[in-house]
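Have a look at start-v1.cif; it's mmCIF, C-alpha atoms:
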```cif
data_start
loop_
_atom_site.label_atom_id
_atom_site.label_comp_id
_atom_site.auth_asym_id
_atom_site.auth_seq_id
_atom_site.Cartn_x
_atom_site.Cartn_y
_atom_site.Cartn_z
CA MET A 1 97.70 102.43 117.17
CA ARG A 2 96.87 105.15 114.67
CA THR A 3 98.45 105.22 111.22
CA ASN A 4 100.28 108.23 109.82
CA SER A 5 97.22 109.23 107.81
CA GLU A 6 95.03 109.22 110.94
CA THR A 7 97.45 111.21 113.09
CA ALA A 8 97.56 114.99 113.52
CA TRP A 9 101.24 115.76 112.97
CA ARG A 10 102.57 119.15 114.08
CA LYS A 11 105.63 120.66 112.43
CA SER A 12 108.31 122.15 114.65
CA SER A 13 108.29 125.95 114.61
CA TYR A 14 112.10 125.75 114.34
CA SER A 15 112.08 123.61 111.21
CA ASN A 16 113.78 125.03 108.14
CA GLY A 17 111.27 126.30 105.61
CA GLY A 18 113.21 124.97 102.64
CA ASP A 19 114.82 128.31 101.81
CA GLY A 20 118.09 126.67 100.81
CA SER A 21 119.87 127.14 104.13
CA GLY A 22 119.25 123.62 105.37
CA GLY A 23 117.55 121.62 102.69
CA GLY A 24 114.06 121.92 104.11
CA SER A 25 114.83 119.96 107.27
CA CYS A 26 111.55 119.52 109.11
CA VAL A 27 110.62 117.53 112.16
CA GLU A 28 107.01 116.72 113.00
CA ALA A 29 105.61 115.35 116.24
CA VAL A 30 102.30 114.17 117.63
CA THR A 31 101.13 115.27 121.06
CA GLY A 32 98.26 113.96 123.12
CA ILE A 33 99.37 110.34 123.28
CA ALA A 34 99.95 109.42 126.93
CA SER A 35 102.70 106.84 126.51
CA ALA A 36 104.99 108.24 123.81
CA ILE A 37 105.71 111.08 121.38
CA PRO A 38 105.95 109.92 117.76
CA ILE A 39 108.33 112.02 115.63
CA ARG A 40 109.13 111.85 111.91
CA ASP A 41 110.82 113.61 109.02
CA SER A 42 108.15 115.68 107.29
CA LYS A 43 109.84 115.16 103.91
CA THR A 44 108.87 111.47 104.21
CA PRO A 45 105.33 111.51 105.67
CA THR A 46 104.63 107.91 104.70
CA GLY A 47 107.94 106.72 106.14
CA PRO A 48 108.66 105.45 109.61
CA ALA A 49 108.10 107.38 112.82
CA LEU A 50 110.29 107.16 115.89
CA SER A 51 108.40 106.78 119.15
CA ILE A 52 110.06 108.52 122.13
CA GLN A 53 108.96 107.90 125.72
CA VAL A 54 107.39 111.00 127.28
CA PRO A 55 110.06 111.51 130.02
CA ALA A 56 112.87 111.26 127.44
CA TRP A 57 111.07 113.76 125.18
CA ALA A 58 110.63 116.16 128.10
CA ASP A 59 114.38 115.91 128.88
CA PHE A 60 115.19 116.54 125.22
CA VAL A 61 112.97 119.64 125.04
CA THR A 62 114.34 120.95 128.35
CA GLY A 63 117.88 120.54 127.00
CA ILE A 64 117.04 122.51 123.86
CA ILE A 65 115.48 125.36 125.82
CA ALA A 66 118.38 125.58 128.31
#
```
Output the file's structure as structure tokens, nothing else.
Amino acid sequence: MRTNSETAWRKSSYSNGGDGSGGGSCVEAVTGIASAIPIRDSKTPTGPALSIQVPAWADFVTGIIA
């Protein structure tokens, strides 16, 4: 498994830019891994990542878009 430093993290386009309205809340995810989608808090890049199974991630994204 790749470490955080070896992984290409992508910040959500809906993440708060730190303008004071939400404290800079940012979520980052990695795509291109067949078995799971790692996600993390971008304010803590060396911290833990949560690994979500691809079908669960797809359901989550579909729910947001709906």
Could you pull the residues within 7 Å of A:Val27, counting only C-alpha atoms, minus those fewer than 4 positions along the same chain, as a CSV table (one decimal) with C-alpha atoms, in the frame of the given file?
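Output (around_20.csv):
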```csv
chain,number,residue,atom,x,y,z
A,11,LYS,CA,105.6,120.7,112.4
A,12,SER,CA,108.3,122.2,114.6
A,15,SER,CA,112.1,123.6,111.2
A,39,ILE,CA,108.3,112.0,115.6
A,40,ARG,CA,109.1,111.8,111.9
A,41,ASP,CA,110.8,113.6,109.0
A,42,SER,CA,108.2,115.7,107.3
```
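Between A:Val30 and the candidates A:Trp9, A:Ala66, A:Leu50, A:Pro55, the tightest atom-to-atom separation, counting only C-alpha atoms, involves A:Trp9.
For the residues A:Ala58, A:Gln53, A:Gly47, A:Ser13, ranking by smallest atom-to-atom distance to A:Ile33 using all atoms listed in the file places A:Gln53 first.
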Box in all listed atoms of stretch 34-50 of chain A, axis-aligned, with 6 Å more on each side; write out centre and edge lengths in Å to one decimal as lines of an AutoDock Vina configuration file.
```
center_x = 105.4
center_y = 110.6
center_z = 115.4
size_x = 22.9
size_y = 22.2
size_z = 35.0
```
Exercise for the section: On this file, the PyMOL selection byres ((chain A and resi 52) around 7) gives some set of residues; write that set as a list in words. Expected result: Ala36, Ile37, Pro38, Leu50, Ser51, Gln53, Val54, Ala56 and Trp57 of chain A
Problem - Gap from atom CA of A:Thr31 to atom CA of A:Ala8 - Å, one decimal - result: 8.3 Å
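For the atom pair formed by atom CA of A:Ser25 and atom CA of A:Ile65, the distance is 19.3 Å, given to one decimal.
Closest to A:Ala29 among A:Ala49, A:Arg10, A:Thr44, A:Thr62 is A:Arg10, based on all atoms listed in the file.
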